[in-house]
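K.L.:
Quick one, entry_8.txt (compact mmCIF, C-alpha atoms):
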```txt
# COMPACT_ATOMS: atom_id res chain seq x y z
CA MET F 1 -21.79 18.05 2.25
CA ASN F 2 -18.46 19.73 2.91
CA GLY F 3 -17.41 20.52 -0.64
CA LYS F 4 -13.80 21.41 0.12
CA ILE F 5 -13.12 18.20 2.05
CA PHE F 6 -14.93 16.10 -0.57
CA PHE F 7 -12.81 17.66 -3.30
CA SER F 8 -9.63 17.05 -1.29
CA ALA F 9 -10.61 13.41 -0.68
CA PHE F 10 -11.28 12.96 -4.40
CA VAL F 11 -7.95 14.50 -5.37
CA ILE F 12 -5.97 12.31 -2.95
CA PHE F 13 -7.79 9.25 -4.28
CA PHE F 14 -7.36 10.27 -7.91
CA GLU F 15 -3.66 11.08 -7.59
CA THR F 16 -2.80 7.76 -5.95
CA PHE F 17 -5.38 5.08 -6.74
CA PHE F 18 -7.16 5.97 -9.96
CA LYS F 19 -6.44 3.87 -13.03
CA LEU F 20 -8.58 3.34 -16.12
CA ALA F 21 -7.65 1.27 -19.14
CA GLY F 22 -8.27 2.85 -22.52
CA VAL F 23 -8.03 6.46 -21.32
CA ASP F 24 -5.37 8.60 -22.96
CA PHE F 25 -2.40 8.68 -20.58
CA THR F 26 -1.43 12.24 -21.48
CA LEU F 27 -4.95 13.52 -20.87
CA LEU F 28 -5.11 11.67 -17.55
CA GLY F 29 -1.78 13.20 -16.55
CA ARG F 30 -2.95 16.71 -17.33
CA ILE F 31 -6.12 16.22 -15.29
CA SER F 32 -4.04 14.82 -12.42
CA ASN F 33 -1.63 17.77 -12.51
CA ALA F 34 -4.46 20.31 -12.58
CA LEU F 35 -6.24 18.66 -9.65
CA LEU F 36 -3.05 18.57 -7.56
CA ILE F 37 -2.27 22.23 -8.24
CA LEU F 38 -5.83 23.19 -7.31
CA PHE F 39 -5.56 21.11 -4.13
CA VAL F 40 -2.37 22.94 -3.14
CA CYS F 41 -3.99 26.33 -3.78
CA LEU F 42 -7.13 25.50 -1.78
CA ASN F 43 -5.16 24.09 1.15
CA PHE F 44 -2.10 26.33 1.07
CA SER F 45 -2.22 26.99 4.82
CA ILE F 46 -1.23 23.36 5.60
CA TYR F 47 2.32 24.04 4.39
CA LYS F 48 3.04 26.61 7.11
CA ASN F 49 5.06 25.90 10.27
CA ILE F 50 5.56 22.23 9.44
CA PHE F 51 8.62 21.85 11.69
CA THR F 52 6.92 23.02 14.85
CA GLY F 53 4.33 21.40 17.07
CA GLU F 54 3.46 17.76 17.67
CA TYR F 55 4.12 16.61 14.10
CA LYS F 56 7.59 18.10 13.62
CA LYS F 57 9.37 14.73 13.86
CA ILE F 58 6.95 13.09 11.44
CA ASN F 59 7.34 15.97 9.01
CA LEU F 60 11.13 15.89 9.24
CA LEU F 61 11.17 12.15 8.47
CA THR F 62 8.70 12.78 5.63
CA VAL F 63 11.00 15.39 4.09
CA ILE F 64 14.05 13.08 4.37
CA TRP F 65 12.16 10.17 2.77
CA LEU F 66 10.82 12.31 -0.06
CA LEU F 67 14.20 13.95 -0.71
CA ILE F 68 15.71 10.48 -1.17
CA ILE F 69 12.94 9.68 -3.65
CA LEU F 70 13.61 12.95 -5.48
CA TYR F 71 17.34 12.31 -5.71
CA SER F 72 16.83 8.73 -6.84
CA GLY F 73 14.37 9.88 -9.48
CA TYR F 74 16.76 12.58 -10.67
CA VAL F 75 19.83 10.36 -11.13
CA ASN F 76 17.78 7.59 -12.79
CA GLN F 77 15.52 9.69 -15.00
CA HIS F 78 17.20 8.62 -18.25
CA LEU F 79 17.03 4.85 -17.77
CA PHE F 80 15.30 2.91 -20.52
CA TYR F 81 15.01 -0.64 -21.83
CA ASP F 82 14.03 -1.82 -25.29
CA SER F 83 13.04 -5.44 -25.74
CA VAL F 84 14.05 -6.59 -29.25
CA SER F 85 13.26 -9.88 -30.98
CA TRP F 86 15.92 -12.05 -32.68
CA ASN F 87 15.28 -10.34 -36.03
CA GLY F 88 15.58 -6.81 -34.59
CA GLU F 89 11.86 -6.09 -34.19
CA LEU F 90 11.05 -3.82 -31.21
CA LEU F 91 8.73 -5.75 -28.90
CA ASP F 92 8.47 -3.41 -25.95
CA SER F 93 10.02 -0.18 -24.72
CA MET F 94 10.18 0.93 -21.09
CA HIS F 95 11.42 4.18 -19.60
CA SER F 96 12.11 5.30 -16.08
CA MET F 97 9.69 7.66 -14.39
CA ARG F 98 10.17 11.20 -15.71
CA PHE F 99 11.65 13.54 -13.12
CA GLU F 100 8.74 15.99 -13.30
CA HIS F 101 6.44 13.07 -12.48
CA VAL F 102 8.66 12.20 -9.52
CA VAL F 103 8.29 15.80 -8.30
CA LEU F 104 4.49 15.54 -8.53
CA TYR F 105 4.62 12.15 -6.80
CA VAL F 106 6.55 13.70 -3.91
CA LEU F 107 4.23 16.72 -3.76
CA ASN F 108 1.20 14.43 -3.58
CA PHE F 109 2.56 12.47 -0.61
CA PHE F 110 3.83 15.56 1.18
CA SER F 111 0.49 17.33 0.73
CA SER F 112 -1.52 14.30 1.87
CA ILE F 113 0.46 13.90 5.10
CA LEU F 114 0.16 17.60 5.95
CA TYR F 115 -3.54 17.57 5.07
CA TYR F 116 -4.23 14.67 7.43
CA GLN F 117 -2.59 16.63 10.22
CA TYR F 118 -4.78 19.59 9.40
CA LEU F 119 -7.92 17.43 9.48
CA LYS F 120 -7.01 16.07 12.90
CA ARG F 121 -6.41 19.55 14.31
CA CYS F 122 -9.81 20.66 12.97
CA ASN F 123 -11.65 17.48 14.07
CA LYS F 124 -12.73 16.82 10.47
CA CYS F 125 -11.18 13.39 10.01
CA ALA F 126 -14.50 11.52 10.06
CA VAL F 127 -15.91 13.72 7.29
CA PHE F 128 -12.88 13.00 5.12
CA LEU F 129 -13.03 9.27 5.90
CA LYS F 130 -16.68 9.08 4.90
CA TYR F 131 -16.01 10.65 1.50
CA PHE F 132 -12.79 8.73 0.90
CA MET F 133 -14.47 5.44 1.82
CA ALA F 134 -17.42 6.14 -0.49
CA ILE F 135 -15.13 6.92 -3.43
CA MET F 136 -13.03 3.80 -2.81
CA PHE F 137 -16.09 1.55 -2.55
CA ALA F 138 -17.57 2.97 -5.75
CA TYR F 139 -14.31 2.42 -7.61
CA ALA F 140 -13.88 -1.11 -6.19
CA ALA F 141 -17.49 -1.97 -7.12
CA ILE F 142 -16.93 -0.89 -10.74
CA SER F 143 -13.74 -2.95 -10.81
CA ASN F 144 -15.48 -6.03 -9.35
CA ILE F 145 -18.30 -5.87 -11.88
CA ASN F 146 -15.75 -5.61 -14.67
CA VAL F 147 -13.88 -8.67 -13.36
CA LEU F 148 -17.07 -10.73 -13.21
CA ILE F 149 -18.36 -9.91 -16.69
CA ILE F 150 -15.17 -10.31 -18.76
CA SER F 151 -13.59 -13.64 -19.66
CA ASP F 152 -9.96 -12.53 -20.00
CA SER F 153 -7.51 -10.71 -17.72
CA ASN F 154 -7.65 -7.31 -19.41
CA TYR F 155 -9.18 -5.66 -16.38
CA LEU F 156 -10.44 -2.09 -16.39
CA VAL F 157 -8.32 -0.76 -13.52
CA GLY F 158 -5.11 -2.80 -13.60
CA ASN F 159 -3.64 -6.25 -13.04
CA LYS F 160 -5.14 -8.95 -10.84
CA PHE F 161 -3.23 -7.84 -7.74
CA TYR F 162 -4.47 -4.27 -7.91
CA VAL F 163 -8.02 -5.42 -8.66
CA CYS F 164 -8.00 -7.66 -5.59
CA TYR F 165 -6.21 -5.29 -3.24
CA LEU F 166 -8.78 -2.59 -4.01
CA ASN F 167 -11.29 -4.64 -2.04
CA LEU F 168 -8.89 -4.85 0.90
CA TYR F 169 -8.42 -1.07 0.78
CA ALA F 170 -12.19 -0.51 0.79
CA ILE F 171 -12.78 -2.96 3.66
CA THR F 172 -10.01 -1.30 5.68
CA LEU F 173 -11.64 2.11 5.26
CA TYR F 174 -15.01 0.65 6.23
CA CYS F 175 -13.54 -0.74 9.46
CA PHE F 176 -11.76 2.56 10.13
CA TYR F 177 -14.99 4.51 9.75
CA TYR F 178 -16.93 1.93 11.81
CA PRO F 179 -14.39 0.72 14.41
CA VAL F 180 -17.11 -0.83 16.60
CA PHE F 181 -19.30 -3.51 14.99
CA ASP F 182 -22.93 -4.26 15.75
CA LYS F 183 -24.70 -7.26 14.16
CA LYS F 184 -25.50 -5.38 10.95
CA LYS F 185 -21.93 -4.18 10.52
CA VAL F 186 -20.58 -7.68 11.20
CA PHE F 187 -22.86 -9.01 8.45
CA LEU F 188 -21.70 -6.33 6.01
CA PHE F 189 -18.07 -6.94 6.94
CA ARG F 190 -18.43 -10.67 6.26
CA THR F 191 -20.16 -9.90 2.95
CA PHE F 192 -17.30 -7.63 1.88
CA ILE F 193 -14.76 -10.30 2.84
CA LEU F 194 -16.69 -12.89 0.84
CA ILE F 195 -16.76 -10.60 -2.21
CA SER F 196 -13.03 -10.02 -1.81
CA ILE F 197 -12.37 -13.77 -1.75
CA LEU F 198 -14.64 -14.40 -4.75
CA ILE F 199 -12.82 -11.77 -6.81
CA ALA F 200 -9.47 -13.23 -5.73
CA VAL F 201 -10.61 -16.72 -6.78
CA LYS F 202 -11.89 -15.40 -10.12
CA THR F 203 -8.57 -13.66 -10.82
CA GLU F 204 -6.51 -16.55 -9.37
CA CYS F 205 -4.78 -14.30 -6.86
CA THR F 206 -3.84 -16.51 -3.90
CA THR F 207 -2.18 -13.69 -1.95
CA ALA F 208 -5.45 -11.72 -1.93
CA ILE F 209 -7.28 -14.78 -0.60
CA LEU F 210 -4.75 -14.97 2.22
CA GLY F 211 -5.09 -11.22 2.82
CA SER F 212 -8.88 -11.47 3.05
CA LEU F 213 -8.67 -14.35 5.52
CA LEU F 214 -6.13 -12.47 7.62
CA MET F 215 -8.40 -9.43 7.69
CA TYR F 216 -11.33 -11.58 8.82
CA CYS F 217 -9.24 -13.10 11.62
CA PHE F 218 -7.79 -9.80 12.77
CA PHE F 219 -11.21 -8.19 13.11
CA LEU F 220 -13.49 -10.96 14.25
CA LYS F 221 -11.22 -13.52 15.92
CA LEU F 222 -8.09 -11.91 17.32
CA ARG F 223 -9.16 -8.34 17.76
CA TYR F 224 -8.90 -7.72 21.49
CA LYS F 225 -6.33 -10.35 22.38
CA PHE F 226 -3.56 -8.96 20.19
CA MET F 227 -4.62 -5.35 19.74
CA LEU F 228 -2.18 -3.74 22.14
CA ARG F 229 0.78 -5.66 20.76
CA LEU F 230 -0.04 -4.63 17.22
CA TYR F 231 0.03 -0.97 18.22
CA ASP F 232 3.66 -1.30 19.33
CA TRP F 233 6.05 -0.28 16.54
CA LYS F 234 8.57 -2.83 17.79
CA THR F 235 6.11 -5.62 16.97
CA PHE F 236 5.98 -4.37 13.39
CA LEU F 237 9.78 -4.21 13.29
CA TYR F 238 10.07 -7.83 14.50
CA GLY F 239 7.51 -8.85 11.89
CA LEU F 240 9.46 -7.00 9.20
CA ILE F 241 12.64 -8.83 10.19
CA PHE F 242 10.89 -12.20 10.19
CA PHE F 243 8.73 -11.98 7.07
CA ASP F 244 11.07 -10.00 4.80
CA VAL F 245 14.56 -10.85 6.04
CA ILE F 246 14.56 -14.24 7.77
CA PHE F 247 12.00 -15.66 5.33
CA PHE F 248 14.15 -14.48 2.43
CA PHE F 249 17.38 -16.01 3.68
CA PHE F 250 15.89 -19.26 4.91
CA THR F 251 13.36 -20.01 2.18
CA MET F 252 14.90 -23.38 1.43
CA THR F 253 14.55 -24.45 5.05
CA PHE F 254 10.85 -23.58 5.01
CA LEU F 255 10.27 -25.40 1.74
CA ASP F 256 11.89 -28.57 3.06
CA ASN F 257 9.29 -28.73 5.82
CA PRO F 258 6.53 -31.29 5.02
CA ILE F 259 3.82 -28.95 6.34
CA MET F 260 5.01 -26.15 4.06
CA ARG F 261 5.12 -28.56 1.13
CA PHE F 262 1.53 -29.57 1.85
CA ILE F 263 0.36 -25.93 2.05
CA ILE F 264 2.19 -24.83 -1.10
CA VAL F 265 1.49 -27.81 -3.34
CA ASP F 266 -1.82 -29.25 -2.10
CA VAL F 267 -3.60 -26.20 -0.65
CA PHE F 268 -2.48 -23.37 -2.95
CA GLY F 269 -1.56 -25.49 -5.97
CA GLU F 270 1.81 -23.77 -6.48
CA ASP F 271 5.09 -25.42 -7.47
CA MET F 272 7.84 -25.88 -4.89
CA THR F 273 9.74 -22.83 -6.13
CA LEU F 274 6.68 -20.66 -5.39
CA THR F 275 6.31 -19.89 -9.11
CA GLY F 276 10.02 -19.27 -9.64
CA ARG F 277 10.57 -17.12 -6.56
CA LEU F 278 13.73 -18.98 -5.55
CA ASP F 279 15.39 -18.17 -8.88
CA ILE F 280 14.25 -14.56 -8.57
CA TYR F 281 15.66 -14.24 -5.05
CA ALA F 282 18.99 -15.60 -6.28
CA ALA F 283 19.20 -13.02 -9.10
CA VAL F 284 17.94 -9.91 -7.34
CA GLY F 285 20.95 -9.65 -5.01
CA GLY F 286 23.29 -8.75 -7.86
CA LEU F 287 20.89 -6.12 -9.11
CA LEU F 288 20.65 -4.52 -5.68
CA ALA F 289 24.45 -4.31 -5.47
CA GLU F 290 24.54 -1.94 -8.45
CA CYS F 291 22.68 0.88 -6.70
CA PRO F 292 22.30 -0.02 -3.01
CA LEU F 293 21.88 3.40 -1.37
CA TRP F 294 19.08 5.14 -3.28
CA GLY F 295 17.90 2.49 -5.74
CA PHE F 296 16.77 2.91 -9.34
CA GLY F 297 13.88 5.28 -8.76
CA VAL F 298 10.30 4.99 -7.61
CA ASN F 299 8.11 2.83 -9.89
CA ASN F 300 11.20 1.68 -11.84
CA ALA F 301 11.68 -1.73 -10.19
CA HIS F 302 9.66 -3.56 -12.86
CA MET F 303 11.81 -2.17 -15.67
CA MET F 304 15.05 -3.09 -13.89
CA THR F 305 14.01 -6.66 -13.04
CA VAL F 306 12.86 -7.24 -16.63
CA MET F 307 16.05 -5.66 -17.99
CA TYR F 308 18.26 -7.93 -15.88
CA GLY F 309 16.20 -11.06 -16.53
CA VAL F 310 15.04 -11.36 -12.92
CA GLY F 311 11.32 -11.39 -13.75
CA SER F 312 8.46 -8.94 -13.51
CA ASN F 313 9.43 -7.99 -9.94
CA ALA F 314 11.45 -9.16 -6.93
CA GLN F 315 8.54 -11.16 -5.43
CA ASN F 316 9.44 -9.79 -1.99
CA GLY F 317 8.13 -6.55 -0.56
CA ILE F 318 11.25 -5.15 1.06
CA LEU F 319 13.56 -6.22 -1.80
CA ASN F 320 11.37 -4.71 -4.47
CA TYR F 321 11.03 -1.45 -2.58
CA MET F 322 14.79 -1.42 -2.02
CA LEU F 323 15.25 -1.66 -5.79
CA GLU F 324 13.25 1.56 -6.09
CA VAL F 325 14.53 3.73 -3.22
CA GLY F 326 17.60 1.88 -1.94
CA ILE F 327 18.64 1.18 1.63
CA LEU F 328 18.36 4.85 2.58
CA GLY F 329 14.81 5.15 1.26
CA VAL F 330 13.68 1.93 2.93
CA VAL F 331 15.11 3.00 6.30
CA ALA F 332 13.58 6.50 6.04
CA SER F 333 10.14 5.21 4.99
CA PHE F 334 9.89 2.69 7.81
CA LEU F 335 11.21 5.13 10.41
CA LEU F 336 8.36 7.38 9.30
CA LEU F 337 5.87 4.52 9.59
CA PHE F 338 7.19 3.61 13.05
CA GLU F 339 6.73 7.19 14.18
CA MET F 340 3.13 7.13 12.96
CA LEU F 341 2.53 3.88 14.82
CA LYS F 342 3.85 5.53 17.98
CA LYS F 343 1.53 8.47 17.36
CA SER F 344 -1.43 6.11 16.98
CA LYS F 345 -0.85 4.24 20.25
CA GLU F 346 -3.76 5.98 21.99
CA ASN F 347 -5.95 6.08 18.88
CA TYR F 348 -7.92 2.88 19.48
CA GLY F 349 -10.29 3.66 16.63
CA ALA F 350 -7.41 3.33 14.15
CA TYR F 351 -7.18 -0.43 14.64
CA ALA F 352 -8.24 -0.96 11.03
CA MET F 353 -5.18 0.83 9.73
CA ILE F 354 -2.95 -1.03 12.19
CA CYS F 355 -4.32 -4.34 10.88
CA PHE F 356 -3.83 -3.24 7.30
CA THR F 357 -0.12 -2.58 7.83
CA TYR F 358 0.36 -6.03 9.37
CA ILE F 359 -1.60 -7.82 6.65
CA MET F 360 0.54 -6.19 3.98
CA LEU F 361 3.61 -7.04 6.06
CA VAL F 362 2.73 -10.76 6.06
CA LEU F 363 1.99 -10.73 2.33
CA SER F 364 5.24 -8.88 1.61
CA SER F 365 7.16 -12.10 2.26
CA ILE F 366 5.97 -13.42 -1.12
CA GLU F 367 4.60 -10.37 -2.97
CA ILE F 368 5.46 -6.71 -3.56
CA THR F 369 3.06 -5.07 -1.11
CA PHE F 370 5.30 -2.17 0.00
CA THR F 371 4.14 0.04 -2.82
CA THR F 372 2.77 3.53 -3.31
CA TYR F 373 -0.66 2.20 -2.34
CA PHE F 374 0.64 0.68 0.89
CA PHE F 375 2.14 3.95 2.08
CA ALA F 376 -0.86 5.98 0.91
CA MET F 377 -3.14 3.78 3.02
CA SER F 378 -0.80 3.47 6.00
CA PHE F 379 -0.40 7.23 6.35
CA LEU F 380 -4.10 7.38 7.20
CA LEU F 381 -2.85 6.41 10.67
CA LEU F 382 -2.56 10.17 11.19
CA LEU F 383 -6.35 10.45 11.16
CA ASN F 384 -8.80 9.93 13.99
CA ASN F 385 -12.50 9.08 13.75
CA GLU F 386 -14.25 11.69 15.89
CA THR F 387 -17.72 10.20 15.34
CA VAL F 388 -16.98 7.23 17.58
CA GLU F 389 -18.45 7.76 21.02
CA ASP F 390 -16.08 7.87 23.98
CA SER F 391 -18.02 5.01 25.54
CA GLU F 392 -17.39 2.84 22.47
CA ILE F 393 -13.66 3.62 22.55
CA MET F 394 -13.56 2.87 26.27
CA ASP F 395 -15.29 -0.45 25.57
CA ILE F 396 -12.51 -1.31 23.12
CA LYS F 397 -9.89 -0.18 25.64
CA TYR F 398 -11.48 -2.24 28.42
CA GLN F 399 -11.52 -5.40 26.33
CA MET F 400 -7.87 -4.83 25.36
CA GLN F 401 -6.68 -4.89 28.95
```
Any chance you could give the structure as structure tokens?

P.N.:
Amino acid sequence: MNGKIFFSAFVIFFETFFKLAGVDFTLLGRISNALLILFVCLNFSIYKNIFTGEYKKINLLTVIWLLIILYSGYVNQHLFYDSVSWNGELLDSMHSMRFEHVVLYVLNFFSSILYYQYLKRCNKCAVFLKYFMAIMFAYAAISNINVLIISDSNYLVGNKFYVCYLNLYAITLYCFYYPVFDKKKVFLFRTFILISILIAVKTECTTAILGSLLMYCFFLKLRYKFMLRLYDWKTFLYGLIFFDVIFFFFTMTFLDNPIMRFIIVDVFGEDMTLTGRLDIYAAVGGLLAECPLWGFGVNNAHMMTVMYGVGSNAQNGILNYMLEVGILGVVASFLLLFEMLKKSKENYGAYAMICFTYIMLVLSSIEITFTTYFFAMSFLLLLNNETVEDSEIMDIKYQMQ
């Protein structure tokens, strides 16, 4: 075991993905801060010469994106909302993300991106992926067991969306680590997909069911036919325009279609407003107009939508993320993602991460998938799996042509 890489994989997982109900938040924060500081000390060399070499453009875009997040967090650090009943009783109190937490958030992302570049230069990506995948599967397994044994929705690691998406994260890492399937791996992949669907059914999360089915199709049905197109950043841009812009503005047209009515009402059992999404879309525009450039701060969208009576969130990936980081942050983040997609064009083993970005893109039309977890997973595009034999990669390349 490579202890330093295992520790780094654990820290990156812990800082971004770890949640546990019932644990003292202050204690968890102190542990998180200590782990991040230790990670920086152990890997201090990764912060040198970041604006030279093959990753200088990626690093420049990273710095711009994170500076926007810092500024947004700074100007919005004193936002709060108290929910009071008719007789003056305090029902709930929400505060914006503290600025020191925003700084740690930025440091975590910056360190992760630089660390992935270091791993690729040292040909240690596969070692990291193995550890990261094992940690994610263990965490997802604990979460799944918890979901199956309790009768309410007070899940151990978060709400139903996070519980379900954990399985998608784990399956993505499995496919990244094993980009070429034999019969045994196909069986395991199908088993993981089935578990993901079962958990989604148990938690009544229809978007996770759709995500699981999309993942199955991408890997076992459409893999070679559409692989090259998915690697093109322009394809992602067109998808972003369609699913998050056109879909938003022309929702009523889609809902008037008899096929869409059948899918929404008869297949998914939803009402024709997609559980109030039309009302939410109508209200979120006014909220965005109040702080269009840099938003209300990372992780503050929920507080703002509740405060303005919009709902728990914007129910649209790009709109919800725009509430957090504004137009500038959205543009910077996706320019960074596009640059990573360009960088991955010859990395045929990274197809799993390519698929993941597109699956979240499709789901973003009706859910808030452009989150911290989305970017944390997508930035794994910087990695390469060195354990895959050249002949296996060439087999993938041959079937893509």

K.L.:
Can you measure atom CA of Ile149 of chain F to atom CA of Phe14 of chain F for me? One decimal in Å is fine.

P.N.:
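Result for atom CA of Ile149 of chain F versus atom CA of Phe14 of chain F: 24.6 Å, one decimal.
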
K.L.:
Which one of F:Glu204, F:Asn146, F:Ile31, F:Met340 sits closest to Lys57 of chain F if you count all atoms listed in the file?

P.N.:
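So, comparing all the options, the nearest one is F:Met340.
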
K.L.:
Within 12 Å of (-3.3, -11.0, -13.5) (coordinates as in the file), grab all the protein and nucleic acid residues, counting all atoms listed in the file, and write them out as a list in words.

P.N.:
Val147, Asp152, Ser153, Asn154, Tyr155, Leu156, Val157, Gly158, Asn159, Lys160, Phe161, Tyr162, Val163, Cys164, Ile199, Ala200, Val201, Lys202, Thr203, Glu204, Cys205, Thr206, Thr207, Ala208 and Ser312 of chain F

K.L.:
Ile37 of chain F: which residues within 12 Å, counting only C-alpha atoms, same-chain residues fewer than 4 positions away excluded, as a list in words?

P.N.:
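Close residues of Ile37 of chain F: Ser8, Val11, Ile12, Glu15, Arg30, Ile31, Ser32, Asn33, Cys41, Leu42, Asn43, Phe44, Leu104, Leu107, Asn108 and Ser111 of chain F.
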
K.L.:
Counting only C-alpha atoms, figure out which residue out of F:Ile69, F:Ala289, F:Ala350, F:Ile113 gets nearest to Tyr177 of chain F.

P.N.:
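The closest residue to Tyr177 of chain F is F:Ala350.
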
K.L.:
Using only C-alpha atoms for the distances, tell me which of F:Val40, F:Met353, F:Val245, F:Leu323 is nearest to Thr305 of chain F.

P.N.:
F:Leu323

K.L.:
Find, counting only C-alpha atoms, the residue in F:Phe379, F:Phe189, F:Phe338, F:Tyr308 that gets nearest to Leu237 of chain F.

P.N.:
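Answer, going by the shortest atom-to-atom distance: F:Phe338.
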
K.L.:
Which one of F:Val330, F:Leu129, F:Val325, F:Leu213 sits closest to Leu70 of chain F if you count only C-alpha atoms?

P.N.:
F:Val325

K.L.:
Between atom CA of Phe18 of chain F and atom CA of Met97 of chain F, what is the spacing in Å?

P.N.:
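Separation of atom CA of Met97 of chain F and atom CA of Phe18 of chain F: 17.5 Å.
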
K.L.:
Point out the residue among F:Leu222, F:Leu335, F:Ile327, F:Met307 with the least atom-to-atom distance to Leu293 of chain F, counting all atoms listed in the file.

P.N.:
F:Ile327

K.L.:
Would you work out the distance separating atom CA of Gly311 of chain F from atom CA of Gly329 of chain F, expressed in Å to one decimal?

P.N.:
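About the pair atom CA of Gly311 of chain F and atom CA of Gly329 of chain F: they are 22.6 Å apart.
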
K.L.:
Got a sec: who's within 9 Å of Ile5 of chain F, counting all atoms listed in the file, leaving out chain neighbours fewer than 2 positions off, as a list in words?

P.N.:
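Final neighbour list, sorted by chain and number: Met1, Asn2, Gly3, Phe7, Ser8, Ala9, Phe10, Lys124, Val127, Phe128 and Tyr131 of chain F.
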
K.L.:
Each residue of segment 104-132 of chain F with at least one atom at most 7 Å from segment 380-383 of chain F should appear once, together with its nearest atom pair and the corresponding distance in Å (one decimal); atoms considered: only C-alpha atoms; ordering: chain, then increasing residue number; output as JSON lines.

P.N.:
```
{"residue": "F:Tyr116", "atom": "CA", "partner": "F:Leu383", "partner_atom": "CA", "distance": 6.0}
{"residue": "F:Gln117", "atom": "CA", "partner": "F:Leu382", "partner_atom": "CA", "distance": 6.5}
{"residue": "F:Lys120", "atom": "CA", "partner": "F:Leu383", "partner_atom": "CA", "distance": 5.9}
{"residue": "F:Cys125", "atom": "CA", "partner": "F:Leu383", "partner_atom": "CA", "distance": 5.8}
```

K.L.:
Would you kindly return, as JSON, numbers by chain, each protein, DNA or RNA residue with an atom no farther than 12 Å from any atom of Thr357 of chain F, considering all atoms listed in the file and excluding same-chain residues fewer than 5 positions away?

P.N.:
{"F": [168, 169, 172, 211, 214, 215, 218, 230, 231, 233, 235, 236, 237, 239, 240, 334, 337, 338, 340, 341, 350, 351, 352, 362, 363, 364, 369, 370, 371, 373, 374, 375, 376, 377, 378, 379, 380, 381]}

K.L.:
For Ser96 of chain F, work out the shell of residues within 10 Å, counting only C-alpha atoms and skipping chain neighbours fewer than 6 positions away, then give it as a ChimeraX atom specification.

P.N.:
/F:73,76-81,296-304

K.L.:
Quick one: residues within 6 Å of Leu173 of chain F, all atoms listed in the file counted, chain neighbours fewer than 3 positions away excluded, as an MDAnalysis selection string?

P.N.:
chainID F and resid 133 170 176

K.L.:
Around the point (6.8, -10.1, -0.2) in the file's coordinates, collect all residues with an atom within 7 Å, using all atoms listed in the file, and return them as a short mmCIF file (atom, residue, chain, number, x, y, z; two decimals) with C-alpha atoms, in the coordinates of the input.

P.N.:
```cif
data_model
loop_
_atom_site.label_atom_id
_atom_site.label_comp_id
_atom_site.auth_asym_id
_atom_site.auth_seq_id
_atom_site.Cartn_x
_atom_site.Cartn_y
_atom_site.Cartn_z
CA ASP F 244 11.07 -10.00 4.80
CA GLN F 315 8.54 -11.16 -5.43
CA ASN F 316 9.44 -9.79 -1.99
CA GLY F 317 8.13 -6.55 -0.56
CA ILE F 318 11.25 -5.15 1.06
CA LEU F 363 1.99 -10.73 2.33
CA SER F 364 5.24 -8.88 1.61
CA SER F 365 7.16 -12.10 2.26
CA ILE F 366 5.97 -13.42 -1.12
CA GLU F 367 4.60 -10.37 -2.97
CA ILE F 368 5.46 -6.71 -3.56
CA THR F 369 3.06 -5.07 -1.11
#
```
